[in-house]
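A.B. asks: There's a structure below that I have some questions on.
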Amino acid sequence: MRWALVKVSLAVTAMVVVAFAVPLGLVIREMARDRAFSNAEREAAAVAPALSITTDREELERVVASAGSDAAMAVHIPAGQGGEPLGIGQRRATEEDIEAVRKLGRASTATVTGGSTLLQPVALSSGEIAIVEVFVPEAEVTNGVGTAWAVLAGVGVALILGSVAVADRLGVRMVRPAQRLVEGAHELGEGKLGARVPEEGPTELRLAAVAFNSMADQVVQLLANERELAADLSHRLRTPLTVLRLNAASLGDGPAAEQTRAAVEQLEREVDTIIRTARDAKPQTAAAGPGAGCDAAEVVRERMSFWSALAEDEGRKWRMAGADRPVRIPVARTDLAAALDALLGNVFRHTAEGTAFAVDVHNGEDAVIVLVSDAGPGIPDPETAMARGRGSGSDGSTGLGLDIVRRLAESTGGDVRIGSSVLGGTEVRIWLQLDGRERAPRRRGHRGTVRRRRGPGRLVPSFNRSRSLP
């Protein structure tokens, strides 16, 4: 917008300058010409009285010398009664021009070499017509015209520069509020709910800023209401959870009773987490600073211990690898546990009893990869499975579970991929970035194998190696 205003102002001012400067320059040139010929007429008029009195050469030469000079003025007297014509000074006009003026009886101009001449007829006492010729050089005709054109050009350039400067300042006054509005929209889109725009500038942009600020306030209010609603709804779950906990306490001893009590305790923790998250409005998947996050190996061991009881009941073989040493990741413990539960729950839900599964943790310098594999029928359409809410509930469909995992990985700058497992079923790979940067596009190998070079001279190995279950 700023440059558009400058261009429009430049074009309009240039047209105005041309429209006024060119005619004014032409008028100045005509004025200079009229001034030069007016001076020539005055010089010719100074000789006319002497011609009406005498035609003596000596007298006329003195008059011509006093009126001008022999180089610029000439007098042409015709022959009278058998006499010869008399010429004083240097003649520049042709005989035809002189005779034409003598016949017409009025002053005229003729173009000659180096300029123009004024031919002025004067009546003699004898009745003959003498012609006074005054030479007007071209330099005298154009005297001051060049300077006038230069002044007009300077004034025109000054006007154009001034208009461009004014248009630029007006453009800045209009563009700056628009830029602040754009920046505010980007900040609000990035989740900075405190972003507001100064209500200044032209009327239209000021009204837009008022509308933006009002919209931002409404968004903050709506989010606050949603958080309160989520907290209130979660708080209502505490009553039936208390009943469940009391009933679980009365189940006695045994694997099923312990598993039920552990599930109730986990559900209570999840409800408390939801309430705190809703109240604080802080994302749980982002690390707060150095040392924040959780130990992925510890979470994997804990969740595999939880699911191992059900796997034993269903006759499933399982394997866990890479969880024997600490692996720090920049996500919350509860979020990683929820993602693992979603994937393992899908294994138990969508594969037959006795189907084997495995969980591998691979720790790198700038990324951690968690692989969840099974020996089930696989997922025929991974793209549909990754889309939120597209799960059909049939075998191989994952519903919303993979979307939970995807959002967890993307919060660190990583991603989630679905491929074929060496066990014969599905392999879900969760790539968690440790530095929070977006990764470059990767290459896919056979059967979902991922090979990726992470830095000079270092190749992250393939994670689809042959495995055997215990």
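Each chain in the structure tokens gets a letter, A, B, ..., in the order shown, and its residues are numbered from 1; ligands are numbered from 1 in order too.
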I want to know what sits within 12 Å of Thr113 in chain A, based on only C-alpha atoms, with residues of the same chain fewer than 5 positions away left out; could you give that as a ChimeraX atom specification?

C.D. replies: /A:91-94,135-138

A.B. asks: Determine, counting only C-alpha atoms, which protein, DNA and RNA residues have an atom within 10 Å of an atom of Asp335 in chain A; residues of the same chain fewer than 2 positions away are not included. Present the result as a list in words.

C.D. replies: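 The residues satisfying every condition are Glu270, Gln284, Thr285, Gly293, Cys294, Val331, Ala332, Arg333, Ala337, Ala338, Ala339, Leu340, Asp341, Ile404, Val405, Arg407 and Leu408 of chain A.
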
A.B. asks: May I have the selected residues written with all heavy atoms, as a compact mmCIF listing (two decimals), in the first residue's frame?

C.D. replies:
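File produced: part-v8.txt:
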```
# COMPACT_ATOMS: atom_id res chain seq x y z
N GLU A 270 -5.54 -38.97 36.30
CA GLU A 270 -5.86 -38.31 35.04
C GLU A 270 -6.89 -37.21 35.23
O GLU A 270 -6.79 -36.13 34.64
CB GLU A 270 -6.36 -39.34 34.02
CG GLU A 270 -5.32 -40.35 33.58
CD GLU A 270 -4.17 -39.71 32.83
OE1 GLU A 270 -4.35 -38.61 32.28
OE2 GLU A 270 -3.07 -40.32 32.81
N GLN A 284 0.52 -29.26 28.60
CA GLN A 284 1.28 -30.26 29.33
C GLN A 284 2.32 -30.96 28.48
O GLN A 284 3.08 -31.77 28.98
CB GLN A 284 0.30 -31.32 29.90
CG GLN A 284 -0.69 -30.73 30.89
CD GLN A 284 0.02 -30.12 32.09
OE1 GLN A 284 0.86 -30.77 32.71
NE2 GLN A 284 -0.30 -28.89 32.41
N THR A 285 2.32 -30.71 27.19
CA THR A 285 3.28 -31.39 26.31
C THR A 285 4.53 -30.58 26.08
O THR A 285 5.43 -31.03 25.37
CB THR A 285 2.62 -31.69 24.96
OG1 THR A 285 2.17 -30.47 24.39
CG2 THR A 285 1.45 -32.64 25.11
N GLY A 293 10.33 -32.34 31.62
CA GLY A 293 9.93 -33.49 30.83
C GLY A 293 9.87 -34.72 31.69
O GLY A 293 9.46 -34.68 32.86
N CYS A 294 10.24 -35.86 31.13
CA CYS A 294 10.16 -37.11 31.88
C CYS A 294 11.19 -38.10 31.34
O CYS A 294 11.85 -37.85 30.33
CB CYS A 294 8.76 -37.70 31.80
SG CYS A 294 8.32 -38.29 30.15
N VAL A 331 8.64 -33.95 27.11
CA VAL A 331 7.18 -34.01 27.21
C VAL A 331 6.80 -34.43 28.62
O VAL A 331 7.61 -35.01 29.36
CB VAL A 331 6.58 -35.00 26.19
CG1 VAL A 331 6.87 -34.58 24.76
CG2 VAL A 331 7.08 -36.41 26.41
N ALA A 332 5.56 -34.16 28.99
CA ALA A 332 5.09 -34.50 30.32
C ALA A 332 4.91 -36.01 30.46
O ALA A 332 4.58 -36.71 29.50
CB ALA A 332 3.78 -33.78 30.62
N ARG A 333 5.10 -36.49 31.65
CA ARG A 333 4.99 -37.92 31.92
C ARG A 333 3.60 -38.43 31.61
O ARG A 333 3.43 -39.49 30.98
CB ARG A 333 5.35 -38.17 33.39
CG ARG A 333 5.26 -39.63 33.83
CD ARG A 333 5.40 -39.76 35.33
NE ARG A 333 5.44 -41.14 35.74
CZ ARG A 333 6.54 -41.87 35.87
NH1 ARG A 333 7.72 -41.30 35.61
NH2 ARG A 333 6.50 -43.13 36.24
N ALA A 337 2.50 -41.30 28.84
CA ALA A 337 1.76 -42.47 29.30
C ALA A 337 0.43 -42.60 28.55
O ALA A 337 0.04 -43.71 28.16
CB ALA A 337 1.52 -42.37 30.80
N ALA A 338 -0.24 -41.48 28.32
CA ALA A 338 -1.50 -41.53 27.59
C ALA A 338 -1.28 -41.99 26.15
O ALA A 338 -2.09 -42.76 25.60
CB ALA A 338 -2.17 -40.16 27.61
N ALA A 339 -0.19 -41.54 25.52
CA ALA A 339 0.08 -41.95 24.15
C ALA A 339 0.38 -43.45 24.08
O ALA A 339 -0.11 -44.17 23.20
CB ALA A 339 1.26 -41.15 23.59
N LEU A 340 1.21 -43.95 25.02
CA LEU A 340 1.50 -45.38 25.03
C LEU A 340 0.25 -46.21 25.31
O LEU A 340 0.04 -47.26 24.69
CB LEU A 340 2.58 -45.68 26.08
CG LEU A 340 3.99 -45.16 25.75
CD1 LEU A 340 4.93 -45.38 26.93
CD2 LEU A 340 4.54 -45.86 24.50
N ASP A 341 -0.58 -45.73 26.24
CA ASP A 341 -1.82 -46.45 26.52
C ASP A 341 -2.71 -46.49 25.29
O ASP A 341 -3.40 -47.50 25.04
CB ASP A 341 -2.55 -45.79 27.69
CG ASP A 341 -1.86 -46.06 29.02
OD1 ASP A 341 -1.06 -47.01 29.08
OD2 ASP A 341 -2.12 -45.32 29.98
N ILE A 404 -3.88 -38.51 19.26
CA ILE A 404 -3.25 -38.16 20.54
C ILE A 404 -1.74 -38.31 20.44
O ILE A 404 -0.96 -37.45 20.88
CB ILE A 404 -3.82 -39.04 21.67
CG1 ILE A 404 -5.32 -38.78 21.83
CG2 ILE A 404 -3.08 -38.78 22.98
CD1 ILE A 404 -5.99 -39.70 22.82
N VAL A 405 -1.30 -39.42 19.83
CA VAL A 405 0.13 -39.66 19.68
C VAL A 405 0.75 -38.63 18.74
O VAL A 405 1.86 -38.13 18.99
CB VAL A 405 0.36 -41.09 19.14
CG1 VAL A 405 1.85 -41.36 18.98
CG2 VAL A 405 -0.26 -42.11 20.08
N ARG A 407 -0.19 -35.51 18.11
CA ARG A 407 -0.04 -34.20 18.76
C ARG A 407 1.09 -34.20 19.77
O ARG A 407 1.77 -33.20 19.97
CB ARG A 407 -1.36 -33.79 19.41
CG ARG A 407 -2.42 -33.37 18.38
CD ARG A 407 -3.67 -32.82 19.01
NE ARG A 407 -4.50 -33.88 19.57
CZ ARG A 407 -4.74 -34.07 20.85
NH1 ARG A 407 -4.18 -33.30 21.74
NH2 ARG A 407 -5.52 -35.05 21.27
N LEU A 408 1.31 -35.31 20.44
CA LEU A 408 2.43 -35.41 21.38
C LEU A 408 3.76 -35.25 20.64
O LEU A 408 4.64 -34.49 21.06
CB LEU A 408 2.37 -36.76 22.09
CG LEU A 408 3.59 -37.09 22.98
CD1 LEU A 408 3.58 -36.21 24.23
CD2 LEU A 408 3.60 -38.55 23.36
```

A.B. asks: As a ChimeraX atom specification, which residues of range 183-333 of chain A does DSSP assign to strand (DSSP E or B)?

C.D. replies: /A:294-295,318-321,328-329

A.B. asks: Mind dumping the selected residues with N, CA, C and O atoms as a JSON list (two decimals), in the first residue's frame?

C.D. replies:
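Dumped everything to selection_33.json:
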```
[["chain", "number", "residue", "atom", "x", "y", "z"],
["A", 294, "CYS", "N", 10.24, -35.86, 31.13],
["A", 294, "CYS", "CA", 10.16, -37.11, 31.88],
["A", 294, "CYS", "C", 11.19, -38.10, 31.34],
["A", 294, "CYS", "O", 11.85, -37.85, 30.33],
["A", 295, "ASP", "N", 11.30, -39.23, 32.06],
["A", 295, "ASP", "CA", 12.17, -40.33, 31.63],
["A", 295, "ASP", "C", 11.31, -41.29, 30.82],
["A", 295, "ASP", "O", 10.44, -41.99, 31.38],
["A", 318, "TRP", "N", 5.19, -60.65, 24.60],
["A", 318, "TRP", "CA", 5.57, -59.26, 24.46],
["A", 318, "TRP", "C", 7.06, -59.09, 24.74],
["A", 318, "TRP", "O", 7.68, -59.94, 25.38],
["A", 319, "ARG", "N", 7.61, -58.01, 24.22],
["A", 319, "ARG", "CA", 9.02, -57.72, 24.40],
["A", 319, "ARG", "C", 9.21, -56.22, 24.59],
["A", 319, "ARG", "O", 8.49, -55.41, 23.99],
["A", 320, "MET", "N", 10.16, -55.84, 25.42],
["A", 320, "MET", "CA", 10.49, -54.43, 25.67],
["A", 320, "MET", "C", 12.01, -54.29, 25.55],
["A", 320, "MET", "O", 12.76, -55.07, 26.14],
["A", 321, "ALA", "N", 12.46, -53.29, 24.78],
["A", 321, "ALA", "CA", 13.88, -53.11, 24.55],
["A", 321, "ALA", "C", 14.22, -51.62, 24.63],
["A", 321, "ALA", "O", 13.41, -50.76, 24.30],
["A", 328, "ARG", "N", 15.73, -39.12, 28.61],
["A", 328, "ARG", "CA", 14.97, -37.89, 28.89],
["A", 328, "ARG", "C", 14.34, -37.36, 27.60],
["A", 328, "ARG", "O", 14.98, -37.30, 26.55],
["A", 329, "ILE", "N", 13.08, -36.97, 27.70],
["A", 329, "ILE", "CA", 12.36, -36.38, 26.56],
["A", 329, "ILE", "C", 11.61, -35.14, 27.05],
["A", 329, "ILE", "O", 11.21, -35.07, 28.22]]
```

A.B. asks: Measuring atom to atom with only C-alpha atoms, identify which of A:Leu222, A:Leu344, A:Ile274, A:Ala165 is nearest to Met304 in chain A.

C.D. replies: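 When distances to Met304 in chain A are compared using only C-alpha atoms, the smallest one comes from A:Leu344.
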
A.B. asks: Which residues are close to range 61-64 of chain A, i.e. within 12 Å by only C-alpha atoms, leaving aside same-chain residues fewer than 6 positions away? Reply as a PyMOL selection string.

C.D. replies: chain A and resi 43-51+53-55+70-75+86-90+132-134

A.B. asks: Would you pick out the contacts of Leu152 in chain A at 12 Å or less, using only C-alpha atoms, so that residues sharing its chain but fewer than 5 positions from it are not included, and give the list as a list of chain:residue names?

C.D. replies: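 Listed by chain and then number, they are A:Val17, A:Val18, A:Ala19, A:Phe20, A:Ala21, A:Val22, A:Pro23, A:Leu24, A:Gly25, A:Leu26, A:Ile28, A:Val145, A:Gly146, A:Thr147, A:Val157, A:Ala158, A:Leu159.
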